[in-house]
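Pasting structure07.cif here (mmCIF, C-alpha atoms):
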```cif
data_coords
loop_
_atom_site.label_atom_id
_atom_site.label_comp_id
_atom_site.auth_asym_id
_atom_site.auth_seq_id
_atom_site.Cartn_x
_atom_site.Cartn_y
_atom_site.Cartn_z
CA MET F 1 -97.61 -35.67 -43.57
CA ALA F 2 -95.49 -32.54 -43.45
CA SER F 3 -96.62 -31.79 -39.90
CA PHE F 4 -95.74 -35.33 -38.86
CA LEU F 5 -92.19 -34.95 -40.28
CA GLN F 6 -91.79 -31.62 -38.47
CA PHE F 7 -92.89 -33.34 -35.25
CA LEU F 8 -90.23 -36.09 -35.69
CA LEU F 9 -87.52 -33.51 -36.39
CA LEU F 10 -88.35 -31.47 -33.29
CA PHE F 11 -88.50 -34.63 -31.18
CA SER F 12 -85.06 -35.85 -32.33
CA LEU F 13 -83.46 -32.43 -31.70
CA SER F 14 -84.93 -32.27 -28.19
CA PHE F 15 -83.74 -35.78 -27.43
CA HIS F 16 -80.19 -34.88 -28.62
CA LEU F 17 -80.08 -31.72 -26.51
CA ILE F 18 -81.14 -33.65 -23.42
CA PHE F 19 -78.27 -36.14 -23.82
CA VAL F 20 -75.70 -33.41 -24.59
CA SER F 21 -76.80 -31.51 -21.50
CA ALA F 22 -76.54 -34.67 -19.43
CA ASP F 23 -73.04 -35.34 -20.75
CA ASP F 24 -72.00 -31.77 -19.91
CA GLU F 25 -73.39 -32.07 -16.38
CA SER F 26 -71.60 -35.40 -15.94
CA SER F 27 -68.33 -33.91 -17.17
CA ALA F 28 -68.73 -30.90 -14.89
CA ALA F 29 -69.41 -33.18 -11.94
CA GLN F 30 -66.08 -35.04 -12.41
CA PRO F 31 -63.07 -33.23 -10.88
CA ARG F 32 -60.55 -32.12 -13.47
CA PRO F 33 -56.94 -33.20 -12.86
CA ARG F 34 -54.79 -30.36 -11.61
CA PRO F 35 -51.91 -29.37 -13.89
CA ARG F 36 -48.57 -30.62 -12.66
CA PRO F 37 -46.28 -27.86 -11.43
CA PRO F 38 -43.19 -27.39 -13.60
CA LYS F 39 -40.06 -29.12 -12.39
CA PRO F 40 -37.73 -26.67 -10.66
CA ILE F 41 -34.69 -25.73 -12.70
CA LEU F 42 -31.55 -26.71 -10.78
CA ARG F 43 -29.12 -23.90 -11.40
CA PRO F 44 -25.51 -25.16 -11.30
CA THR F 45 -23.51 -23.89 -8.35
CA ASN F 46 -20.25 -24.88 -9.95
CA LEU F 47 -18.80 -26.28 -13.16
CA PHE F 48 -15.77 -28.48 -13.54
CA LEU F 49 -13.24 -29.85 -15.99
CA LYS F 50 -10.99 -32.87 -15.59
CA VAL F 51 -7.28 -32.21 -16.05
CA GLN F 52 -4.48 -34.66 -16.87
CA LYS F 53 -0.71 -34.24 -16.77
CA ASP F 54 1.14 -34.85 -20.03
CA GLY F 55 4.14 -37.02 -19.24
CA ALA F 56 6.29 -35.75 -22.11
CA THR F 57 5.99 -32.01 -21.43
CA GLY F 58 4.84 -31.78 -17.81
CA LEU F 59 1.96 -29.56 -18.95
CA HIS F 60 -1.61 -30.13 -17.81
CA VAL F 61 -4.30 -30.80 -20.42
CA THR F 62 -8.07 -30.48 -20.08
CA GLN F 63 -10.84 -31.77 -22.35
CA ILE F 64 -13.49 -29.27 -23.52
CA PHE F 65 -16.61 -29.88 -25.64
CA LYS F 66 -17.04 -27.36 -28.45
CA ARG F 67 -18.91 -26.99 -31.77
CA THR F 68 -22.21 -28.29 -33.16
CA PRO F 69 -22.35 -31.26 -33.11
CA PRO F 70 -20.17 -31.26 -29.96
CA VAL F 71 -16.61 -32.58 -30.17
CA GLN F 72 -14.33 -33.22 -27.18
CA LEU F 73 -10.99 -31.47 -27.71
CA PRO F 74 -7.75 -31.30 -25.65
CA PHE F 75 -6.49 -27.89 -24.48
CA VAL F 76 -3.39 -26.93 -22.48
CA LEU F 77 -4.32 -25.32 -19.17
CA ASP F 78 -2.87 -21.78 -18.98
CA LEU F 79 -3.65 -20.09 -15.67
CA ASN F 80 -2.61 -16.68 -17.06
CA GLY F 81 -4.02 -16.93 -20.60
CA GLN F 82 -6.40 -14.18 -21.72
CA PHE F 83 -8.81 -16.36 -23.69
CA LEU F 84 -9.38 -19.74 -25.32
CA SER F 85 -7.07 -20.07 -28.35
CA VAL F 86 -8.20 -22.70 -30.85
CA ASN F 87 -6.66 -24.30 -33.92
CA CYS F 88 -9.46 -23.63 -36.40
CA GLU F 89 -7.44 -24.93 -39.36
CA ASN F 90 -7.57 -28.60 -38.31
CA LYS F 91 -10.92 -30.00 -39.53
CA TYR F 92 -13.03 -27.50 -37.61
CA LEU F 93 -16.61 -28.41 -38.59
CA SER F 94 -19.51 -26.70 -36.83
CA SER F 95 -22.92 -25.38 -37.89
CA THR F 96 -22.86 -22.70 -35.15
CA PHE F 97 -19.47 -21.10 -35.85
CA ASN F 98 -19.44 -17.34 -36.32
CA ALA F 99 -16.78 -14.66 -36.81
CA PRO F 100 -18.02 -11.36 -35.30
CA VAL F 101 -17.44 -8.31 -37.49
CA CYS F 102 -15.05 -5.58 -36.52
CA HIS F 103 -16.32 -2.95 -34.03
CA SER F 104 -19.17 -5.24 -32.93
CA ALA F 105 -20.28 -5.69 -29.32
CA GLN F 106 -18.35 -8.97 -29.17
CA CYS F 107 -15.14 -7.19 -30.19
CA SER F 108 -15.68 -4.52 -27.56
CA ARG F 109 -16.15 -7.21 -24.93
CA ALA F 110 -12.88 -8.79 -26.05
CA ASN F 111 -11.22 -5.35 -25.85
CA THR F 112 -10.05 -5.53 -29.43
CA HIS F 113 -10.52 -2.62 -31.81
CA SER F 114 -8.34 -3.79 -34.69
CA CYS F 115 -9.80 -5.15 -37.93
CA ARG F 116 -8.36 -8.24 -39.57
CA THR F 117 -6.64 -7.84 -42.90
CA CYS F 118 -5.95 -10.77 -45.20
CA SER F 119 -2.82 -11.17 -47.30
CA PRO F 120 -3.26 -12.13 -50.98
CA ARG F 121 -1.91 -15.62 -50.24
CA THR F 122 -4.22 -16.25 -47.31
CA PRO F 123 -7.47 -18.17 -48.04
CA ARG F 124 -10.34 -15.77 -47.43
CA LEU F 125 -14.12 -15.97 -47.38
CA PRO F 126 -16.80 -13.30 -46.95
CA MET F 127 -18.92 -15.67 -44.81
CA ALA F 128 -17.92 -17.19 -41.47
CA ARG F 129 -16.02 -20.43 -41.94
CA PRO F 130 -13.33 -21.84 -39.64
CA GLY F 131 -9.75 -21.87 -40.87
CA TYR F 132 -10.14 -18.99 -43.32
CA CYS F 133 -9.25 -15.32 -43.07
CA HIS F 134 -12.37 -13.17 -42.72
CA VAL F 135 -12.13 -9.61 -43.95
CA ASN F 136 -13.20 -7.12 -41.25
CA ALA F 137 -13.18 -9.73 -38.47
CA CYS F 138 -11.80 -8.68 -35.05
CA ALA F 139 -8.04 -9.16 -34.85
CA VAL F 140 -6.62 -10.61 -31.61
CA THR F 141 -3.07 -11.51 -30.56
CA ALA F 142 -2.73 -15.16 -29.60
CA VAL F 143 0.27 -16.31 -27.54
CA ASN F 144 1.97 -19.66 -27.08
CA PRO F 145 2.68 -19.59 -23.31
CA VAL F 146 5.57 -22.05 -23.57
CA THR F 147 7.58 -20.43 -26.37
CA GLN F 148 6.20 -16.91 -25.72
CA GLN F 149 5.70 -16.55 -29.48
CA SER F 150 2.66 -14.61 -30.66
CA ALA F 151 0.65 -14.30 -33.85
CA ILE F 152 -2.45 -12.50 -35.12
CA GLY F 153 -5.66 -14.48 -35.04
CA GLU F 154 -9.31 -13.50 -35.16
CA LEU F 155 -12.19 -13.47 -32.72
CA ALA F 156 -14.81 -16.18 -33.19
CA GLU F 157 -17.76 -17.62 -31.31
CA ASP F 158 -19.32 -21.06 -31.07
CA VAL F 159 -21.07 -23.39 -28.62
CA LEU F 160 -19.11 -24.60 -25.59
CA SER F 161 -20.38 -27.36 -23.27
CA ILE F 162 -19.15 -28.16 -19.77
CA PRO F 163 -20.19 -30.56 -16.95
CA SER F 164 -22.00 -28.97 -14.00
CA ALA F 165 -22.64 -29.79 -10.36
CA VAL F 166 -25.28 -28.72 -7.85
CA GLY F 167 -23.56 -28.68 -4.48
CA SER F 168 -21.75 -32.01 -4.22
CA ARG F 169 -24.11 -33.76 -6.63
CA PRO F 170 -23.42 -34.19 -10.37
CA GLY F 171 -25.49 -32.07 -12.70
CA PRO F 172 -26.12 -32.09 -16.44
CA MET F 173 -23.90 -30.82 -19.21
CA VAL F 174 -24.63 -27.13 -19.73
CA THR F 175 -23.80 -24.91 -22.69
CA VAL F 176 -22.72 -21.40 -23.56
CA PRO F 177 -24.28 -20.84 -27.01
CA GLN F 178 -22.00 -17.97 -28.12
CA PHE F 179 -18.69 -18.56 -26.38
CA LEU F 180 -15.98 -16.15 -27.55
CA PHE F 181 -12.52 -17.48 -28.41
CA ALA F 182 -9.60 -16.82 -30.77
CA CYS F 183 -8.90 -18.73 -33.95
CA ALA F 184 -5.08 -18.93 -33.83
CA PRO F 185 -2.65 -20.11 -36.54
CA SER F 186 -1.96 -23.83 -36.26
CA THR F 187 1.81 -23.23 -36.37
CA LEU F 188 1.56 -21.18 -33.15
CA LEU F 189 -0.18 -23.99 -31.28
CA GLN F 190 2.34 -26.75 -31.95
CA ARG F 191 5.83 -25.94 -30.69
CA GLY F 192 6.47 -26.92 -27.08
CA LEU F 193 2.95 -28.25 -26.55
CA PRO F 194 1.72 -31.85 -26.16
CA GLN F 195 0.85 -33.69 -29.34
CA ASN F 196 -2.70 -33.40 -30.66
CA VAL F 197 -3.74 -30.49 -28.43
CA GLN F 198 -6.14 -28.16 -30.21
CA GLY F 199 -5.45 -24.96 -28.30
CA ILE F 200 -4.81 -23.10 -25.06
CA ALA F 201 -7.43 -22.79 -22.31
CA GLY F 202 -6.81 -19.30 -20.93
CA MET F 203 -7.86 -18.90 -17.27
CA GLY F 204 -6.49 -15.40 -16.64
CA HIS F 205 -8.26 -12.29 -15.41
CA SER F 206 -9.85 -10.96 -18.60
CA ARG F 207 -13.42 -10.45 -19.84
CA ILE F 208 -13.32 -13.36 -22.30
CA SER F 209 -11.20 -15.88 -20.41
CA LEU F 210 -12.88 -19.22 -19.77
CA PRO F 211 -13.70 -18.52 -16.08
CA SER F 212 -15.02 -15.00 -16.82
CA GLN F 213 -17.42 -16.13 -19.54
CA LEU F 214 -18.69 -19.04 -17.43
CA ALA F 215 -19.28 -16.78 -14.42
CA SER F 216 -21.06 -14.18 -16.58
CA HIS F 217 -23.28 -16.64 -18.44
CA PHE F 218 -24.34 -18.84 -15.50
CA GLY F 219 -24.30 -16.22 -12.74
CA ILE F 220 -21.82 -18.16 -10.61
CA PRO F 221 -19.21 -16.43 -8.39
CA PRO F 222 -15.87 -15.67 -10.09
CA LYS F 223 -13.91 -18.32 -8.21
CA ILE F 224 -11.50 -20.89 -9.62
CA ALA F 225 -10.17 -23.89 -7.70
CA PHE F 226 -7.81 -26.46 -9.12
CA CYS F 227 -6.08 -29.59 -7.93
CA LEU F 228 -3.43 -30.87 -10.35
CA ALA F 229 -2.61 -34.58 -10.23
CA SER F 230 1.09 -35.41 -10.14
CA GLY F 231 0.87 -38.72 -11.97
CA SER F 232 0.75 -38.87 -15.76
CA GLY F 233 -2.70 -40.00 -16.92
CA GLN F 234 -4.37 -39.35 -13.56
CA ASN F 235 -7.39 -37.05 -13.40
CA GLY F 236 -7.02 -33.80 -11.51
CA VAL F 237 -9.79 -31.21 -11.59
CA ILE F 238 -10.53 -27.53 -11.97
CA PHE F 239 -13.74 -26.03 -10.53
CA PHE F 240 -15.54 -22.82 -11.50
CA GLY F 241 -17.95 -21.20 -9.06
CA GLU F 242 -18.83 -21.92 -5.47
CA GLY F 243 -17.13 -24.83 -3.63
CA THR F 244 -17.57 -27.50 -1.95
CA TYR F 245 -14.58 -29.46 -3.22
CA MET F 246 -15.34 -33.06 -2.37
CA MET F 247 -12.57 -35.61 -1.99
CA LEU F 248 -13.32 -39.32 -1.85
CA PRO F 249 -14.72 -40.85 0.28
CA GLY F 250 -16.63 -37.63 1.12
CA THR F 251 -14.36 -34.97 2.65
CA ASP F 252 -14.90 -31.29 1.83
CA MET F 253 -11.37 -30.01 1.21
CA SER F 254 -12.48 -26.36 1.11
CA ARG F 255 -12.26 -26.46 4.91
CA GLN F 256 -8.53 -27.18 4.69
CA LEU F 257 -7.63 -23.93 2.91
CA MET F 258 -5.60 -21.07 4.36
CA TYR F 259 -5.81 -17.67 2.68
CA ALA F 260 -3.53 -14.83 1.62
CA PRO F 261 -4.23 -11.65 -0.40
CA LEU F 262 -4.52 -12.15 -4.17
CA PHE F 263 -3.27 -9.55 -6.65
CA ILE F 264 -3.84 -9.19 -10.39
CA GLY F 265 -0.90 -8.29 -12.64
CA GLN F 266 -0.94 -5.96 -15.63
CA GLN F 267 -1.44 -8.90 -18.02
CA GLY F 268 -4.21 -10.49 -15.94
CA GLU F 269 -1.88 -12.90 -14.14
CA TYR F 270 -2.53 -14.07 -10.58
CA MET F 271 0.03 -13.00 -7.96
CA MET F 272 0.71 -13.02 -4.22
CA ASN F 273 3.20 -11.20 -2.01
CA VAL F 274 6.09 -13.22 -0.57
CA GLN F 275 7.48 -11.56 2.55
CA SER F 276 10.37 -14.00 2.99
CA ILE F 277 11.59 -17.48 2.09
CA GLN F 278 12.60 -19.96 4.78
CA ILE F 279 14.15 -23.43 4.75
CA ASN F 280 13.58 -25.42 7.95
CA ASN F 281 12.56 -22.08 9.56
CA VAL F 282 15.88 -20.45 8.58
CA VAL F 283 15.45 -17.30 6.49
CA VAL F 284 17.07 -17.31 3.05
CA PRO F 285 19.38 -14.26 3.00
CA LEU F 286 18.41 -12.04 0.08
CA PRO F 287 19.47 -8.60 -1.18
CA PRO F 288 17.22 -5.81 0.21
CA ARG F 289 15.51 -5.23 -3.14
CA LEU F 290 14.50 -8.90 -3.35
CA ARG F 291 13.45 -9.55 0.25
CA SER F 292 9.79 -8.87 -0.53
CA ASN F 293 8.55 -10.08 -3.90
CA GLN F 294 5.40 -10.74 -5.83
CA ALA F 295 5.14 -14.36 -6.93
CA THR F 296 3.23 -15.31 -10.07
CA LEU F 297 1.44 -18.65 -10.44
CA SER F 298 1.92 -20.43 -13.76
CA THR F 299 0.64 -23.81 -14.95
CA THR F 300 2.70 -23.52 -18.16
CA THR F 301 5.99 -23.19 -16.27
CA PRO F 302 6.80 -26.79 -15.27
CA TYR F 303 9.07 -25.91 -12.31
CA THR F 304 9.34 -22.85 -10.08
CA MET F 305 11.60 -20.23 -11.65
CA LEU F 306 13.59 -17.85 -9.44
CA HIS F 307 15.58 -14.69 -9.99
CA GLN F 308 19.24 -15.66 -10.11
CA SER F 309 20.04 -13.94 -6.79
CA ILE F 310 17.17 -15.75 -5.07
CA PHE F 311 18.11 -19.08 -6.66
CA THR F 312 21.76 -18.80 -5.59
CA ALA F 313 20.96 -17.90 -1.97
CA LEU F 314 18.24 -20.58 -1.71
CA THR F 315 20.36 -23.43 -3.10
CA ARG F 316 23.28 -22.56 -0.79
CA LEU F 317 21.04 -22.71 2.27
CA PHE F 318 19.31 -25.86 1.00
CA ILE F 319 22.68 -27.68 0.82
CA ARG F 320 23.51 -26.63 4.39
CA GLN F 321 20.13 -27.86 5.59
CA LEU F 322 20.67 -31.29 3.99
CA PRO F 323 23.86 -32.53 5.68
CA GLY F 324 25.38 -35.80 4.60
CA VAL F 325 23.92 -35.56 1.09
CA PRO F 326 26.55 -33.92 -1.13
CA PRO F 327 25.48 -32.43 -4.49
CA VAL F 328 26.32 -34.17 -7.75
CA THR F 329 26.63 -32.85 -11.29
CA ALA F 330 23.42 -31.02 -12.14
CA VAL F 331 21.05 -32.27 -14.83
CA ALA F 332 19.53 -29.55 -17.04
CA PRO F 333 17.38 -27.56 -16.56
CA PHE F 334 18.05 -27.91 -12.83
CA GLY F 335 20.92 -26.32 -10.96
CA LEU F 336 21.13 -28.46 -7.82
CA CYS F 337 21.05 -32.28 -7.83
CA PHE F 338 21.81 -35.16 -5.45
CA ASN F 339 22.50 -38.87 -5.50
CA ALA F 340 19.06 -40.44 -5.08
CA ASN F 341 20.50 -43.31 -3.02
CA ASN F 342 21.30 -40.84 -0.23
CA ILE F 343 17.70 -39.59 0.09
CA SER F 344 15.08 -41.53 2.03
CA TYR F 345 11.34 -41.52 1.38
CA SER F 346 8.16 -40.94 3.35
CA LYS F 347 4.47 -40.70 2.51
CA MET F 348 5.09 -37.10 1.41
CA GLY F 349 7.86 -38.14 -0.99
CA PRO F 350 11.63 -37.60 -0.68
CA GLN F 351 12.65 -36.51 2.84
CA VAL F 352 14.34 -33.18 2.20
CA PRO F 353 14.17 -29.76 3.90
CA SER F 354 10.88 -27.89 3.50
CA ILE F 355 10.91 -24.58 1.63
CA GLU F 356 8.35 -22.09 2.91
CA LEU F 357 7.07 -18.94 1.22
CA VAL F 358 5.97 -16.65 4.06
CA LEU F 359 2.96 -14.63 2.88
CA ASP F 360 2.20 -12.37 5.84
CA ASN F 361 4.05 -10.15 8.30
CA GLN F 362 2.99 -12.34 11.24
CA GLN F 363 4.67 -15.33 9.52
CA LYS F 364 1.60 -17.51 10.06
CA ILE F 365 0.49 -17.98 6.44
CA ARG F 366 3.02 -20.18 4.67
CA TRP F 367 3.01 -21.91 1.30
CA THR F 368 5.06 -25.01 2.11
CA ILE F 369 7.02 -26.80 -0.62
CA SER F 370 8.12 -30.18 0.68
CA GLY F 371 8.73 -33.78 -0.31
CA GLN F 372 7.44 -34.55 -3.78
CA ASN F 373 6.81 -30.86 -4.56
CA ALA F 374 10.43 -29.93 -3.72
CA ILE F 375 12.38 -32.71 -5.44
CA VAL F 376 12.08 -34.36 -8.85
CA GLN F 377 13.86 -37.37 -10.32
CA ALA F 378 15.78 -35.96 -13.29
CA ARG F 379 17.18 -39.32 -14.37
CA PRO F 380 17.75 -42.74 -12.77
CA GLY F 381 19.78 -42.30 -9.61
CA VAL F 382 19.69 -38.49 -9.66
CA MET F 383 17.19 -36.27 -7.85
CA CYS F 384 17.14 -32.49 -8.25
CA LEU F 385 15.67 -29.50 -6.50
CA ALA F 386 12.55 -28.80 -8.59
CA MET F 387 13.43 -25.15 -9.15
CA VAL F 388 15.36 -23.45 -11.94
CA ASN F 389 17.53 -20.38 -12.32
CA GLY F 390 15.53 -17.70 -14.17
CA GLY F 391 18.52 -15.41 -14.76
CA MET F 392 18.89 -11.75 -13.86
CA ASN F 393 15.86 -10.52 -15.82
CA PRO F 394 13.00 -13.01 -15.40
CA ARG F 395 9.42 -11.95 -16.07
CA ALA F 396 8.84 -12.11 -12.29
CA PRO F 397 11.27 -12.67 -9.36
CA ILE F 398 9.33 -15.79 -8.36
CA VAL F 399 7.19 -17.87 -10.73
CA ILE F 400 5.55 -20.79 -8.92
CA GLY F 401 5.49 -23.65 -11.42
CA ALA F 402 3.02 -26.47 -11.95
CA HIS F 403 5.16 -29.04 -10.11
CA GLN F 404 4.86 -27.04 -6.89
CA MET F 405 1.06 -26.84 -7.28
CA GLU F 406 0.48 -30.55 -7.85
CA ASP F 407 -1.46 -32.45 -5.16
CA ASN F 408 -2.27 -29.06 -3.62
CA LEU F 409 -5.78 -27.57 -3.71
CA VAL F 410 -5.50 -23.93 -4.83
CA GLN F 411 -8.42 -21.50 -4.96
CA LEU F 412 -8.42 -18.10 -6.68
CA ASP F 413 -11.25 -16.17 -5.04
CA LEU F 414 -11.87 -13.03 -7.10
CA VAL F 415 -14.91 -12.13 -4.98
CA ASN F 416 -12.78 -11.57 -1.89
CA SER F 417 -9.40 -10.95 -3.63
CA ARG F 418 -7.70 -13.83 -1.88
CA ILE F 419 -5.84 -17.01 -2.75
CA GLY F 420 -6.52 -20.18 -0.78
CA PHE F 421 -4.24 -23.21 -0.67
CA SER F 422 -4.10 -26.48 1.25
CA ASN F 423 -0.37 -27.27 0.90
CA SER F 424 0.47 -30.86 0.04
CA LEU F 425 -2.44 -33.30 0.33
CA LEU F 426 -0.20 -36.38 0.27
CA GLN F 427 -0.36 -36.88 4.03
CA ARG F 428 -4.09 -37.60 3.62
CA THR F 429 -4.91 -38.13 -0.06
CA ASN F 430 -4.05 -36.71 -3.52
CA CYS F 431 -5.66 -34.74 -6.33
CA ALA F 432 -6.62 -37.89 -8.24
CA ASN F 433 -9.12 -38.69 -5.46
CA PHE F 434 -11.52 -35.87 -6.19
CA ASN F 435 -15.13 -37.01 -6.59
CA ASN F 436 -15.38 -35.87 -10.20
CA ASN F 437 -16.83 -39.08 -11.64
CA MET F 438 -19.62 -37.16 -13.31
CA THR F 439 -21.19 -37.00 -16.73
CA THR F 440 -18.71 -35.90 -19.38
CA THR F 441 -20.72 -36.24 -22.58
CA PRO F 442 -23.34 -33.76 -23.77
#
```
Would you put the structure from the file into structure tokens?
Amino acid sequence: MASFLQFLLLFSLSFHLIFVSADDESSAAQPRPRPRPPKPILRPTNLFLKVQKDGATGLHVTQIFKRTPPVQLPFVLDLNGQFLSVNCENKYLSSTFNAPVCHSAQCSRANTHSCRTCSPRTPRLPMARPGYCHVNACAVTAVNPVTQQSAIGELAEDVLSIPSAVGSRPGPMVTVPQFLFACAPSTLLQRGLPQNVQGIAGMGHSRISLPSQLASHFGIPPKIAFCLASGSGQNGVIFFGEGTYMMLPGTDMSRQLMYAPLFIGQQGEYMMNVQSIQINNVVVPLPPRLRSNQATLSTTTPYTMLHQSIFTALTRLFIRQLPGVPPVTAVAPFGLCFNANNISYSKMGPQVPSIELVLDNQQKIRWTISGQNAIVQARPGVMCLAMVNGGMNPRAPIVIGAHQMEDNLVQLDLVNSRIGFSNSLLQRTNCANFNNNMTTTP
């Protein structure tokens, strides 16, 4: 009986092994599916932000996603700002906020070596929390570019998200996990600025400005291109990285640019040399010390500001070049105004003499200010030259204001140290026609 049971056991084991072997051979005979290759990662070639003009202040405002979870917040565009200044006192809620400690690598990158001190009356916390004073955080000086007031804030870091593009095609929202910025006092970020803005978007030449951090994190070229819309509520655009700059219905406006040398000022501001100023090809007579000047570009100066000597000589020649249109009483802040009924219109705007900034010795490269960029309606029935008298001691002899840059594609190419500009686009299109209808939510 025992031998019979042993025989059954051996028989069942052999039978099982035969079937297992057959299954293995059958499996081996079937071709295994090849693993799918990973999808290629499309690295963004440029990033962009939409920009709108605030009708009350004339300043341009962009929307930026920050924090975790992400929140879309309005920031004033400051072409010369050193960093992103943020109101951290107004309901700043984020799980990824951090305040780097003094003498850390983040503070060195921000070029700040001062430690924050907290007054007895200031709310303070030992851990990182927005809106509070953090002992031994990095101290930074935040500036309101409109009032020129400054105050001590502290360096912070958090997630920043921004729309991307690959060539002319829309890409996904991309993020900088530890974007450095300044928490500034809320009182500093109110006066002179549009209502509800939450800070200043600094675009200047510094290691922690918005363009610098984007270029460093994503490996894109340090190039900035912007096209500011002239109409309140219309979308203009600012690009970071390599162009193309597509205009509806499909024109690459980067091919329309002319270039002049770009210089960087002591405070990181963008500048260009102006060899002379002409009106209808007639040179504006200037004192010898002011015949060649460096002009600064500023998006927080609504209208071009000129040294008093330049302003006086330019307005005198402008009147002579506009015969039959006598000046009327000026409307502040402007110094030269006309009866609007005496000025006709064209596609470019009011038909007035063109003002040209000559940027090279050969007099071939010219920034032309004409039509809508030259004249502004100050009140019903009164139009004024869109330039103001900066006095005898302005911060620069020529400050090109936002009004003169509207509907004009401007590129700041830090790779080749040059500035590109298209002059007015109104003969063909305008800055609201950029193809920036892309994803704007993370």
- Message: When you count all atoms listed in the file, which of these residues is closest to F:Ala295: F:Trp367, F:Phe239, F:Phe318, F:Phe338?
- Response: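 Closest to F:Ala295, using all atoms listed in the file: F:Trp367.
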Taking a cut-off of 9 Å and counting only C-alpha atoms, can you build a table that, for each residue of stretch 129-204 of chain F near stretch 89-96 of chain F, reports the nearest atom pair and how far apart they are in Å (one decimal), sorted by chain then residue number, as a tab-separated table?
```
residue	atom	partner	partner_atom	distance
F:Arg129	CA	F:Leu93	CA	8.7
F:Pro130	CA	F:Tyr92	CA	6.0
F:Gly131	CA	F:Glu89	CA	4.1
F:Tyr132	CA	F:Glu89	CA	7.6
F:Glu157	CA	F:Thr96	CA	8.2
F:Asp158	CA	F:Thr96	CA	5.6
F:Val159	CA	F:Thr96	CA	6.8
F:Pro177	CA	F:Thr96	CA	8.5
F:Gln178	CA	F:Thr96	CA	8.5
F:Cys183	CA	F:Glu89	CA	8.4
F:Ala184	CA	F:Glu89	CA	8.5
F:Pro185	CA	F:Glu89	CA	7.4
F:Ser186	CA	F:Glu89	CA	6.4
F:Gln198	CA	F:Asn90	CA	8.2
```
Could you please take those selected residues and save C-alpha atoms as a compact mmCIF listing (two decimals), keeping the file's coordinate frame?
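Dumped everything to again03.txt:
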```
# COMPACT_ATOMS: atom_id res chain seq x y z
CA ARG F 129 -16.02 -20.43 -41.94
CA PRO F 130 -13.33 -21.84 -39.64
CA GLY F 131 -9.75 -21.87 -40.87
CA TYR F 132 -10.14 -18.99 -43.32
CA GLU F 157 -17.76 -17.62 -31.31
CA ASP F 158 -19.32 -21.06 -31.07
CA VAL F 159 -21.07 -23.39 -28.62
CA PRO F 177 -24.28 -20.84 -27.01
CA GLN F 178 -22.00 -17.97 -28.12
CA CYS F 183 -8.90 -18.73 -33.95
CA ALA F 184 -5.08 -18.93 -33.83
CA PRO F 185 -2.65 -20.11 -36.54
CA SER F 186 -1.96 -23.83 -36.26
CA GLN F 198 -6.14 -28.16 -30.21
```
- Translate the PyMOL selection byres ((chain F and resi 189) around 12), as applied to the file shown, into an explicit residue set as a PyMOL selection string. chain F and resi 74-76+84-90+142-151+153+182-188+190-201
- Would you kindly translate the PyMOL selection byres ((chain F and resi 403-410) around 10) into the concrete residues it picks from this file, as a PyMOL selection string? chain F and resi 53+58-59+224-231+236-238+245+253-254+256-259+297-299+301-304+367-370+372-376+386-387+400-402+411-413+419-426+429-433
- Selection dump of the PyMOL selection byres ((chain F and resi 209) around 12), as a VMD selection string: chain F and resid 77 to 85 109 to 111 179 to 182 200 to 208 210 to 216 222 224 268 to 269
- For F:Arg289, which residue among F:Ile310, F:Leu359, F:Ala332, F:Ile277 is the nearest when counting all atoms listed in the file?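 Using all atoms listed in the file, the shortest distance to F:Arg289 belongs to F:Ile310.
The space between atom CA of F:Gly324 and atom CA of F:Asn389 spans 24.2 Å.
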- Message: Calculated over all atoms listed in the file, which of the candidates F:Ser108, F:Gln377, F:Gln294, F:Asn273 has the smallest distance to F:Ala340?
- Response: F:Gln377
- Query: In Å to one decimal, how far is atom CA of F:Ser232 from atom CA of F:Ile398?
  - Reply: 25.7 Å
- For atom CA of F:Leu155 and atom CA of F:Val176, quote the distance in Å rounded to one decimal.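 Spanning atom CA of F:Leu155 to atom CA of F:Val176 is a straight-line distance of 16.1 Å.
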- Task: Between F:Pro70, F:Pro100, F:Pro163, F:Gly241, single out the one closest to F:Thr45, counting only C-alpha atoms.
- Result: F:Gly241
- Message: Considering all atoms listed in the file, can you say which of F:Asn235, F:Thr315, F:Arg255, F:Cys384 comes closest to F:Ile355?
- Response: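 Counting all atoms listed in the file, the residue closest to F:Ile355 is F:Thr315.
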